[in-house]
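For reference, the structure is listed below as structure tokens.
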Amino acid sequence: MKKVLRTTTALMMTAVLFVSCDNDDDNPDIINPEELITTVELTLTNDNDATDIVVLEAFDEDGEEGPIAPVVRQNGALTANATYSGMVRFLDASDPADVEDITVEVRDEADEHEVFYVTDVAGVAIAKNDVDGGGNPLGLDTTVTTGAAGSGNFTIVLRHEPTKPNDGTLTGAGGESDIEVTFPLTVQ
Amino acid sequence: MFKYLLVVIFMATVAMCTAQDCKNTLKGKITDFHNNKPLELAQVYVEEQERTYTSNSAGEYQVNDLCTGVYHLIITHIDCDKKSIEVIVNQDKILNITLEHHINELDEVQVVADVHDDHATTQNATRIDKELIQKYSGATLGDALETVPGVSSLKTGQGVVKPIVHGLYGSRITIVNNGVRLQDQEWGTEHAPNIDPNTASSIRVIKGSSALRYGGDAVGGTIIIDQARVISKDTLMGNAILTGQSNGRGGAITAGIQRYKKSGWYQQANITFKRLGDFEAPDYILSNTGSQTAATRLAVGYKQFEYGLSAEYNFYDTELGILRASHIGNTADLVRSINSGEPAIINEFTYDIDEPKQEVIHHQVALNAFKRFRNLGKFEFNYQYQLNNRKEFDVRRGALSERAALDIDLKTHNFQGYLHIDASDKWNHELGLDAVLQTNSPDATTGVRRLIPDYNSIKVGGFVGTQYQFTDRLMIEAGARYDHYSIDAKKFYITSRWESLGYDVRFAQFERFRESIQVYTEPELDFDLFAFSSGVQYSFRDHFDITFNVSHSQRAPNPGELFSEGLHHALATIEIGRLELNKEVSNKISASFHANYNNWDVELAPYYNRINDFIQLVPNGVQLTNRGAFAVYEYEQLDAVLAGVDISASYHIKRKETIKRTPYNRTINVTKNWISLGAQFSYVYGEDVKNDKPLIDIPPAQLLTKIEIENVFTEGLQVEIANQQVWKQNRFPDNDYEITYAADNGNAVTETVEISESPDAYNLWNLGLAYSIKSQNNKPNLSFRLQVNNVLSTKYRDYLNRQRFYADEIGRNFIAQILYNF
């Protein structure tokens with residue numbers, strides 16, 4: 001019986017020790033979300049006129065969890081009946097001093113990604129020039145052709161783990177959207 | 001004195017009503033107090049007749065030819081304490097007796113004059129016995145609990161099953177294991193209780209907050225897991241169950257062994273392993289819904305009548321796949337998913353578990369010591385340490401998927417002192433003091449902001465409770481509890497959120513510094529919590545009893561409700577906790593009317609629960625981000641009414657049999673159960689009375705009916721046919737919202753996200769076949785069970801399954817079990 005008591009006392013003392021060890025007063029480390037994309041930027045350069053550059057940019061200063069809506073900007077309209085080379089970039093600019101280019105990651109993991117472009121502006125067509133390791137479209141590098149003048153919406157969607165190959169539509173591709181931003185677009 | 005007076009009045013009345021008549025029978029069932037198992041070969045000695053009667057294998061005894069008058073019975077059984085009962089006989093009478101199946105627990109012997117599920121409390125309660133627990137050996141605790149009237153489940157797929165009691169779940173339900181509350185991050189809707197039901201010898205469900213010993217905040221109810229009783233004789237007992245099932249193409253194996261010594265030393269051990277692959281709906285595979293669980297329980301102790309010590313270790317480890325198609329990017333993905341009616345991702349069957357998935361490990365160390373004091377009662381001291389580690393893996397970019405998106409360690413110390421004063425026959429007092437120290441530490445290297453912050457919390461409380469047995473028929477009880485809860489958190493908010501909630505002004509005192517887009521805060525919150533419960537239990541005549549209970553309970557907001565701030569991929573929602581939340585206050589009235597007459601057993605249990613400052617997630621618009629649109633939900637307080645009724649009824653058709661019994665080779669007539677018809681109905685009405693809207697996630701009305709035939713073709717063969725009817729929940733709040741997104745042709749489409757509407761009613765058939773081979777004294781025994789759930793492979797969706805937007809429930813499932821007890 002004595003032995004039992006002694007064992008119990010020892011166990012309870014250990015328990016008390018546990019308690020005292022748990023309290024630490026250090027501040028926890030800040031976690032900067034590693035998958036944050038604050039900025040989506042599509043640069044369209046006219047193949048026949050290197051000075052005709054249109055940039056579509058969406059900037060969400062507080063990321064996807066913050067209440068502030070993204071600010072959508074674009075500097076001008078596309079020229080009618082022209083061909084543009086498009087390059088899309090995804091950035092984490094939450095720390096202006098250390099802007100991270102997420103596009104590199106998307107390219108490295110091309111098999112798991114695809115960028116989709118949809119627009120309701122008549123005559124505007126988007127062709128994807130790059131492919132992933134499996135020969136399926138990736139969509140970072142595009143050719144955008146315009147037709148007659150008009151205006152409407154232009155949406156960029158980055159899908160993670162889409163069905164590959166797919167029918168090229170948002171519905172057919174499945175997967176989940178990592179990016180979905182809509183810009184107003186004018187062709188004149 | 002009062003009691004004797006009543007007896008005299010009663011007898012006088014009896015004498016006037018009935019002439020002296022010696023044709024009365026007294027019969028009933030003798031069962032083990034702890035597991036409700038019938039006790040065979042129990043001796044009922046009737047002093048006045050100087051005769052002994054013996055119970056049959058169903059625990060039933062019958063005493064014939066009794067005159068009107070008072071009789072004294074002495075009931076004995078091996079391993080049980082002798083019990084004396086005084087009965088007044090004035091007509092044929094049923095007297096069911098429970099014996100404490102343990103010679104040491106003299107004070108805990110209870111004799112009850114009816115077949116109520118659980119007589120220990122005036123609040124509606126139900127006990128799940130070992131046999132039923134074994135039937136659910138391969139399933140989850142939540143599945144076993146669903147058999148109780150008034151209990152349903154909030155599910156995420158099939159693997160995450162959270163019990164709902166009278167319409168309430170999560171932090172409003174207290175789960176008690178080893179006498180202390182389970183601390184396993186129960187605030188999450190996708191967090192299932194981390195307990196292996198196979199370690200339980202019985203489970204009690206108390207539908208309300210009256211179990212004050214375990215806390216005063218169980219607004220919904222308390223679920224108490226009881227472990228195997230300690231026996232003081234030299235014996236070795238055990239059991240093994242092997243379960244295999246077709247849906248999920250896997251199964252479970254569990255084994256338990258208990259060794260007891262007359263000296264008082266004992267050891268108990270349990271081990272369970274479970275493995276399932278993808279479940280299958282009638283038309284497709286539910287990809288990534290496999291799971292794997294391992295659990296053990298080791299206990300060692302020394303127990304004498306006057307004192308005892310025990311130490312115990314519980315381990316639970318589970319890995320659960322979450323339906324791949326239910327992990328979505330934004331509300332546009334959600335709309336596409338709802339419109340398609342089928343999961344977006346259907347792969348070949350596999351046992352592999354990929355992201356999204358959960359990995360949870362729960363360790364529990366429990367130490368218990370008790371000492372009995374003569375003419376006072378029993379003093380108990382408990383200490384428990386629990387470590388709960390939860391990891392959640394999301395579908396993330398590249399190698400990040402292998403890193404948990406959420407990784408939280410919750411450490412809890414629990415100290416409890418408890419005194420049970422039971423020296424008086426009539427009075428029964430309980431008092432206790434306890435302290436709970438908790439530390440929550442999320443891993444800082446996940447690369448995802450913490451959903452729940454670091455915090456330390458302390459809860460210190462005490463309670464007193466008393467029961468008074470006025471007469472054999474009337475019992476009253478009352479209790480009160482006070483707790484002080486304080487929580488100190490360390491949290492990084494997104495600065496814009498901190499400001500948009502107005503916290504930079506209202507809670508400026510918590511703000512420490514700002515870094516990048518975040519602000520570091522140290523919220524410190526305190527809550528005073530008070531609870532009471534009181535009730536009465538009264539038996540009118542011998543076949544009818546009622547209970548009535550009034551309880552008041554208060555619950556502090558949980559860490560999820562206070563601090564959560566982040567994205568949920570399951571429904572494309574952003575959930576926001578609120579620092580300004582007050583405690584939730586519940587007032588509940590419940591009653592039960594129970595009749596047991598001839599072959600009928602009927603119980604009606606209505607309740608009314610009014611909860612002020614009921615904490616609930618309320619939709620608050622749509623938030624636009626670079627990832628698309630998200631629905632924002634904030635925790636808000638409203639006033640709620642939950643009212644409902646649980647009805648259960650059974651009718652037994654018995655048949656008479658003549659059997660010969662040793663030692664005297666007497667022939668006795670026994671009645672054996674033959675056909676049982678049973679029905680259970682539950683309905684809950686939930687209303688937000690502040691906004692005149694129905695409450696969300698209230699279980700729809702449900703009716704279970706079953707027919708059970710025993711000894712069908714041969715002794716030991718049992719057939720069960722069950723039907724489950726679940727109606728459509730017509731009362732749900734309209735939380736639909738509109739979003740605009742780009743269609744395939746580039747057009748902007750505005751569509752309503754229909755997340756409110758409940759699925760249609762459904763009806764399922766289940767079939768069971770059981771066969772047991774019993775040896776002479778019931779041990780060892782071997783039994784087999786074959787169960788077919790959803791026999792017709794009906795396609796349906798359940799309102800309380802969070803994956804109902806993505807996939808159907810599972811189809812037909814064959815479950816085969818081999819059970820061995822020794």
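Here's how to read the names in the structure tokens: chain A, B, ... by the order shown, residue numbers from 1 in each chain, ligand numbers from 1 in the order shown.
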
Helix (DSSP H, G or I) call set, DSSP backbone run, segment 75-253 of chain B, as an NGL selection string:
:B and (106-108 or 130-135 or 141-145 or 170-172 or 197-199 or 212-214)

Please identify every residue of chain A that has at least one atom no more than 6 Å from any atom of chain B, counting only C-alpha atoms, and report them as a ChimeraX atom specification.
/A:31,33-34,64-67,69-70,118-120,169-170,176-181

Next, write the just-selected residues to a file, as a PDB file, in the first residue's frame, keeping N, CA and C atoms as the atom set.
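New file again.pdb:
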ATOM      1  N   ILE A  31       2.644  34.714 -38.880  1.00  0.00           N
ATOM      2  CA  ILE A  31       2.629  33.834 -40.052  1.00  0.00           C
ATOM      3  C   ILE A  31       2.210  34.662 -41.245  1.00  0.00           C
ATOM      4  N   PRO A  33       1.047  34.385 -44.798  1.00  0.00           N
ATOM      5  CA  PRO A  33       0.518  33.292 -45.627  1.00  0.00           C
ATOM      6  C   PRO A  33       1.362  33.079 -46.885  1.00  0.00           C
ATOM      7  N   GLU A  34       1.751  31.821 -47.087  1.00  0.00           N
ATOM      8  CA  GLU A  34       2.682  31.533 -48.183  1.00  0.00           C
ATOM      9  C   GLU A  34       2.004  31.407 -49.531  1.00  0.00           C
ATOM     10  N   GLU A  64      -6.784  37.487 -49.499  1.00  0.00           N
ATOM     11  CA  GLU A  64      -8.109  36.895 -49.683  1.00  0.00           C
ATOM     12  C   GLU A  64      -8.915  36.860 -48.389  1.00  0.00           C
ATOM     13  N   GLU A  65      -8.247  36.977 -47.248  1.00  0.00           N
ATOM     14  CA  GLU A  65      -8.986  36.895 -45.990  1.00  0.00           C
ATOM     15  C   GLU A  65      -9.426  38.262 -45.474  1.00  0.00           C
ATOM     16  N   GLY A  66      -8.833  39.319 -46.024  1.00  0.00           N
ATOM     17  CA  GLY A  66      -9.167  40.654 -45.538  1.00  0.00           C
ATOM     18  C   GLY A  66     -10.420  41.200 -46.212  1.00  0.00           C
ATOM     19  N   PRO A  67     -11.098  42.128 -45.544  1.00  0.00           N
ATOM     20  CA  PRO A  67     -12.374  42.628 -46.060  1.00  0.00           C
ATOM     21  C   PRO A  67     -12.263  43.573 -47.253  1.00  0.00           C
ATOM     22  N   ALA A  69     -11.852  44.912 -50.809  1.00  0.00           N
ATOM     23  CA  ALA A  69     -11.987  44.310 -52.141  1.00  0.00           C
ATOM     24  C   ALA A  69     -10.793  44.682 -53.014  1.00  0.00           C
ATOM     25  N   PRO A  70     -10.461  43.834 -53.974  1.00  0.00           N
ATOM     26  CA  PRO A  70      -9.328  44.152 -54.851  1.00  0.00           C
ATOM     27  C   PRO A  70      -9.613  45.399 -55.692  1.00  0.00           C
ATOM     28  N   VAL A 118     -11.727  34.251 -70.190  1.00  0.00           N
ATOM     29  CA  VAL A 118     -13.018  34.320 -70.875  1.00  0.00           C
ATOM     30  C   VAL A 118     -13.431  35.787 -71.010  1.00  0.00           C
ATOM     31  N   THR A 119     -14.071  36.091 -72.112  1.00  0.00           N
ATOM     32  CA  THR A 119     -14.510  37.468 -72.330  1.00  0.00           C
ATOM     33  C   THR A 119     -15.805  37.482 -73.130  1.00  0.00           C
ATOM     34  N   ASP A 120     -16.600  38.506 -72.912  1.00  0.00           N
ATOM     35  CA  ASP A 120     -17.826  38.637 -73.701  1.00  0.00           C
ATOM     36  C   ASP A 120     -17.704  39.775 -74.718  1.00  0.00           C
ATOM     37  N   THR A 169     -13.131  24.846 -71.237  1.00  0.00           N
ATOM     38  CA  THR A 169     -14.102  25.719 -70.561  1.00  0.00           C
ATOM     39  C   THR A 169     -13.902  25.648 -69.046  1.00  0.00           C
ATOM     40  N   LEU A 170     -14.393  26.661 -68.369  1.00  0.00           N
ATOM     41  CA  LEU A 170     -14.284  26.719 -66.917  1.00  0.00           C
ATOM     42  C   LEU A 170     -15.063  25.574 -66.271  1.00  0.00           C
ATOM     43  N   GLU A 176     -10.084  23.687 -58.461  1.00  0.00           N
ATOM     44  CA  GLU A 176     -10.583  24.820 -57.701  1.00  0.00           C
ATOM     45  C   GLU A 176      -9.885  26.106 -58.103  1.00  0.00           C
ATOM     46  N   SER A 177     -10.639  27.188 -58.005  1.00  0.00           N
ATOM     47  CA  SER A 177     -10.128  28.474 -58.457  1.00  0.00           C
ATOM     48  C   SER A 177      -9.191  29.070 -57.420  1.00  0.00           C
ATOM     49  N   ASP A 178      -7.940  29.325 -57.832  1.00  0.00           N
ATOM     50  CA  ASP A 178      -6.995  30.037 -56.956  1.00  0.00           C
ATOM     51  C   ASP A 178      -7.078  31.533 -57.216  1.00  0.00           C
ATOM     52  N   ILE A 179      -7.443  31.864 -58.433  1.00  0.00           N
ATOM     53  CA  ILE A 179      -7.600  33.266 -58.838  1.00  0.00           C
ATOM     54  C   ILE A 179      -8.841  33.378 -59.703  1.00  0.00           C
ATOM     55  N   GLU A 180      -9.635  34.406 -59.469  1.00  0.00           N
ATOM     56  CA  GLU A 180     -10.737  34.715 -60.383  1.00  0.00           C
ATOM     57  C   GLU A 180     -10.983  36.214 -60.307  1.00  0.00           C
ATOM     58  N   VAL A 181     -10.480  36.926 -61.330  1.00  0.00           N
ATOM     59  CA  VAL A 181     -10.673  38.384 -61.350  1.00  0.00           C
ATOM     60  C   VAL A 181     -11.258  38.814 -62.680  1.00  0.00           C
TER      61      VAL A 181
END

Any chance you could list, as a ChimeraX atom specification, the residues in segment 2-181 of chain A that come up strand (DSSP E) when DSSP is run on the backbone?
/A:39-46,49-59,71-74,83-92,100-101,113-119,125-128,141-145,150-160,176-181

Fewer than 2 positions away in the same chain doesn't count, so skip those; otherwise give me all residues within 6 Å of Gly220 of chain B, counting only C-alpha atoms, as a list in words.
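That gives Val165, Leu168, Arg172, Ile173, Gly208 and Ala218 of chain B.
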
What lies within 12 Å of Lys128 of chain A using only C-alpha atoms, ignoring chain neighbours under 2 positions off, as a list in words?
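Close residues of Lys128 of chain A: Ser85, Gly86, Met87, Val88, Glu114, Val115, Phe116, Tyr117, Ala125, Ile126, Asp130, Val131, Asp132, Gly135, Asn136, Pro137, Leu138, Gly139, Leu140, Asp141, Thr142, Thr143, Val144, Thr145 and Gly168 of chain A.
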
Those same residues, written as a compact mmCIF listing (two decimals), in the first residue's frame with N, CA and C atoms?
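Dumped everything to again15.txt:
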# COMPACT_ATOMS: atom_id res chain seq x y z
N SER A 85 0.58 40.06 -77.66
CA SER A 85 1.22 38.97 -76.90
C SER A 85 0.89 39.21 -75.43
N GLY A 86 0.34 38.18 -74.79
CA GLY A 86 -0.05 38.37 -73.39
C GLY A 86 0.84 37.58 -72.44
N MET A 87 1.24 38.21 -71.35
CA MET A 87 1.99 37.52 -70.30
C MET A 87 1.28 37.82 -68.98
N VAL A 88 0.92 36.77 -68.26
CA VAL A 88 0.24 37.00 -66.99
C VAL A 88 1.22 36.75 -65.85
N GLU A 114 -3.74 25.57 -64.64
CA GLU A 114 -4.05 26.09 -65.96
C GLU A 114 -4.73 27.45 -65.78
N VAL A 115 -4.34 28.40 -66.65
CA VAL A 115 -4.97 29.72 -66.60
C VAL A 115 -6.02 29.78 -67.71
N PHE A 116 -7.20 30.27 -67.35
CA PHE A 116 -8.29 30.39 -68.31
C PHE A 116 -8.64 31.86 -68.49
N TYR A 117 -9.03 32.20 -69.72
CA TYR A 117 -9.42 33.59 -70.03
C TYR A 117 -10.78 33.52 -70.70
N ALA A 125 -10.27 37.00 -79.11
CA ALA A 125 -9.97 35.57 -78.96
C ALA A 125 -8.65 35.40 -78.24
N ILE A 126 -8.57 34.38 -77.41
CA ILE A 126 -7.34 34.14 -76.64
C ILE A 126 -6.81 32.77 -76.99
N ASP A 130 1.71 28.24 -74.38
CA ASP A 130 2.61 27.35 -73.63
C ASP A 130 1.88 26.08 -73.20
N VAL A 131 2.65 25.05 -72.94
CA VAL A 131 2.06 23.78 -72.51
C VAL A 131 2.78 23.27 -71.26
N ASP A 132 2.11 22.35 -70.54
CA ASP A 132 2.76 21.74 -69.38
C ASP A 132 3.54 20.51 -69.83
N GLY A 135 1.96 18.20 -72.30
CA GLY A 135 1.55 18.73 -73.60
C GLY A 135 0.20 19.41 -73.58
N ASN A 136 -0.36 19.63 -72.39
CA ASN A 136 -1.66 20.30 -72.27
C ASN A 136 -1.44 21.80 -72.06
N PRO A 137 -2.41 22.61 -72.51
CA PRO A 137 -2.24 24.07 -72.39
C PRO A 137 -2.01 24.52 -70.95
N LEU A 138 -1.19 25.56 -70.77
CA LEU A 138 -0.94 26.12 -69.44
C LEU A 138 -1.56 27.50 -69.31
N GLY A 139 -1.24 28.39 -70.27
CA GLY A 139 -1.95 29.66 -70.32
C GLY A 139 -1.27 30.86 -69.68
N LEU A 140 0.03 30.75 -69.34
CA LEU A 140 0.73 31.94 -68.83
C LEU A 140 1.09 32.86 -69.98
N ASP A 141 1.41 32.23 -71.12
CA ASP A 141 1.83 32.94 -72.33
C ASP A 141 0.71 32.80 -73.35
N THR A 142 0.16 33.96 -73.77
CA THR A 142 -1.00 33.90 -74.66
C THR A 142 -0.88 34.84 -75.85
N THR A 143 -1.73 34.61 -76.83
CA THR A 143 -1.89 35.55 -77.93
C THR A 143 -3.34 35.99 -77.92
N VAL A 144 -3.53 37.32 -77.83
CA VAL A 144 -4.89 37.85 -77.78
C VAL A 144 -5.14 38.63 -79.06
N THR A 145 -6.16 38.22 -79.82
CA THR A 145 -6.47 38.95 -81.04
C THR A 145 -7.78 39.70 -80.86
N GLY A 168 -11.37 23.05 -72.34
CA GLY A 168 -11.03 24.46 -72.42
C GLY A 168 -12.02 25.39 -71.75

Do a neighbour search on Gly134 of chain A at 12 Å with only C-alpha atoms, toss out local chain neighbours closer than 6 positions, and write the hits as an mmCIF file with all heavy atoms, in the first residue's frame.
data_model
loop_
_atom_site.group_PDB
_atom_site.id
_atom_site.type_symbol
_atom_site.label_atom_id
_atom_site.label_comp_id
_atom_site.auth_asym_id
_atom_site.auth_seq_id
_atom_site.Cartn_x
_atom_site.Cartn_y
_atom_site.Cartn_z
ATOM 1 N N GLU A 109 4.981 23.995 -61.405
ATOM 2 C CA GLU A 109 3.968 22.961 -61.170
ATOM 3 C C GLU A 109 2.895 23.056 -62.253
ATOM 4 O O GLU A 109 1.696 22.994 -61.973
ATOM 5 C CB GLU A 109 3.346 23.150 -59.782
ATOM 6 C CG GLU A 109 4.348 22.963 -58.666
ATOM 7 C CD GLU A 109 4.056 23.849 -57.474
ATOM 8 O OE1 GLU A 109 2.957 24.421 -57.407
ATOM 9 O OE2 GLU A 109 4.948 23.978 -56.614
ATOM 10 N N ALA A 110 3.352 23.182 -63.494
ATOM 11 C CA ALA A 110 2.445 23.391 -64.626
ATOM 12 C C ALA A 110 1.392 22.293 -64.725
ATOM 13 O O ALA A 110 0.243 22.556 -65.089
ATOM 14 C CB ALA A 110 3.258 23.477 -65.918
ATOM 15 N N ASP A 111 1.770 21.056 -64.373
ATOM 16 C CA ASP A 111 0.823 19.930 -64.455
ATOM 17 C C ASP A 111 -0.420 20.154 -63.597
ATOM 18 O O ASP A 111 -1.481 19.622 -63.881
ATOM 19 C CB ASP A 111 1.496 18.629 -63.976
ATOM 20 C CG ASP A 111 2.546 18.163 -64.969
ATOM 21 O OD1 ASP A 111 2.574 18.727 -66.082
ATOM 22 O OD2 ASP A 111 3.322 17.255 -64.625
ATOM 23 N N GLU A 112 -0.233 20.914 -62.518
ATOM 24 C CA GLU A 112 -1.335 21.107 -61.566
ATOM 25 C C GLU A 112 -2.127 22.398 -61.814
ATOM 26 O O GLU A 112 -3.011 22.729 -61.039
ATOM 27 C CB GLU A 112 -0.785 21.191 -60.132
ATOM 28 C CG GLU A 112 -0.237 19.891 -59.601
ATOM 29 C CD GLU A 112 0.271 20.045 -58.180
ATOM 30 O OE1 GLU A 112 0.021 21.094 -57.558
ATOM 31 O OE2 GLU A 112 0.922 19.109 -57.693
ATOM 32 N N HIS A 113 -1.727 23.146 -62.838
ATOM 33 C CA HIS A 113 -2.361 24.457 -63.042
ATOM 34 C C HIS A 113 -2.800 24.677 -64.479
ATOM 35 O O HIS A 113 -2.258 24.073 -65.384
ATOM 36 C CB HIS A 113 -1.393 25.586 -62.649
ATOM 37 C CG HIS A 113 -1.148 25.677 -61.178
ATOM 38 N ND1 HIS A 113 -0.001 25.181 -60.602
ATOM 39 C CD2 HIS A 113 -1.896 26.179 -60.172
ATOM 40 C CE1 HIS A 113 -0.056 25.395 -59.296
ATOM 41 N NE2 HIS A 113 -1.194 25.994 -59.006
ATOM 42 N N LYS A 164 -7.101 17.401 -66.678
ATOM 43 C CA LYS A 164 -6.255 17.624 -67.858
ATOM 44 C C LYS A 164 -6.174 16.340 -68.652
ATOM 45 O O LYS A 164 -5.918 15.297 -68.045
ATOM 46 C CB LYS A 164 -4.852 18.062 -67.430
ATOM 47 C CG LYS A 164 -4.777 19.532 -67.030
ATOM 48 C CD LYS A 164 -3.332 20.005 -67.012
ATOM 49 C CE LYS A 164 -3.276 21.524 -66.825
ATOM 50 N NZ LYS A 164 -1.921 22.051 -66.972
ATOM 51 N N PRO A 165 -6.373 16.310 -69.960
ATOM 52 C CA PRO A 165 -6.807 17.454 -70.760
ATOM 53 C C PRO A 165 -8.278 17.769 -70.514
ATOM 54 O O PRO A 165 -9.014 16.918 -70.049
ATOM 55 C CB PRO A 165 -6.585 16.968 -72.187
ATOM 56 C CG PRO A 165 -6.674 15.476 -72.117
ATOM 57 C CD PRO A 165 -6.200 15.091 -70.741
#

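Atom CA of Asp798 of chain B to atom CA of Phe681 of chain B spans 17.3 Å [interatomic distance, one decimal].
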
Using only C-alpha atoms, which of B:Glu40, B:Asp542, B:Asp129, B:Asp692 sits nearest Asp226 of chain B?
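Counting only C-alpha atoms, the residue closest to Asp226 of chain B is B:Asp129.
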
Write out as a list in words each polymer residue whose atoms come within 10 Å of Lys130 of chain B, counting only C-alpha atoms; drop sequence neighbours fewer than 4 positions from it.
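Here the answer would be His34, Asn35, Asn36, Lys37, Gln134, Lys135, Tyr136, Pro197, Asn198, Thr199, Ala200, Ser201, Ser202, Ile203 and Ala228 of chain B.
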
Distance query Ser590 of chain B at most 12 Å, only C-alpha atoms, self and fewer than 4 positions along chain excluded, as number ranges by chain
B: 121-125, 166, 206-210, 533-537, 546-552, 604-610, 642-646

Nearest to Phe183 of chain A: which of A:Gln74, A:Thr38, A:Thr51, A:Thr43 is it, counting only C-alpha atoms?
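Checking each of A:Gln74, A:Thr38, A:Thr51, A:Thr43 against Phe183 of chain A, counting only C-alpha atoms, the winner is A:Gln74.
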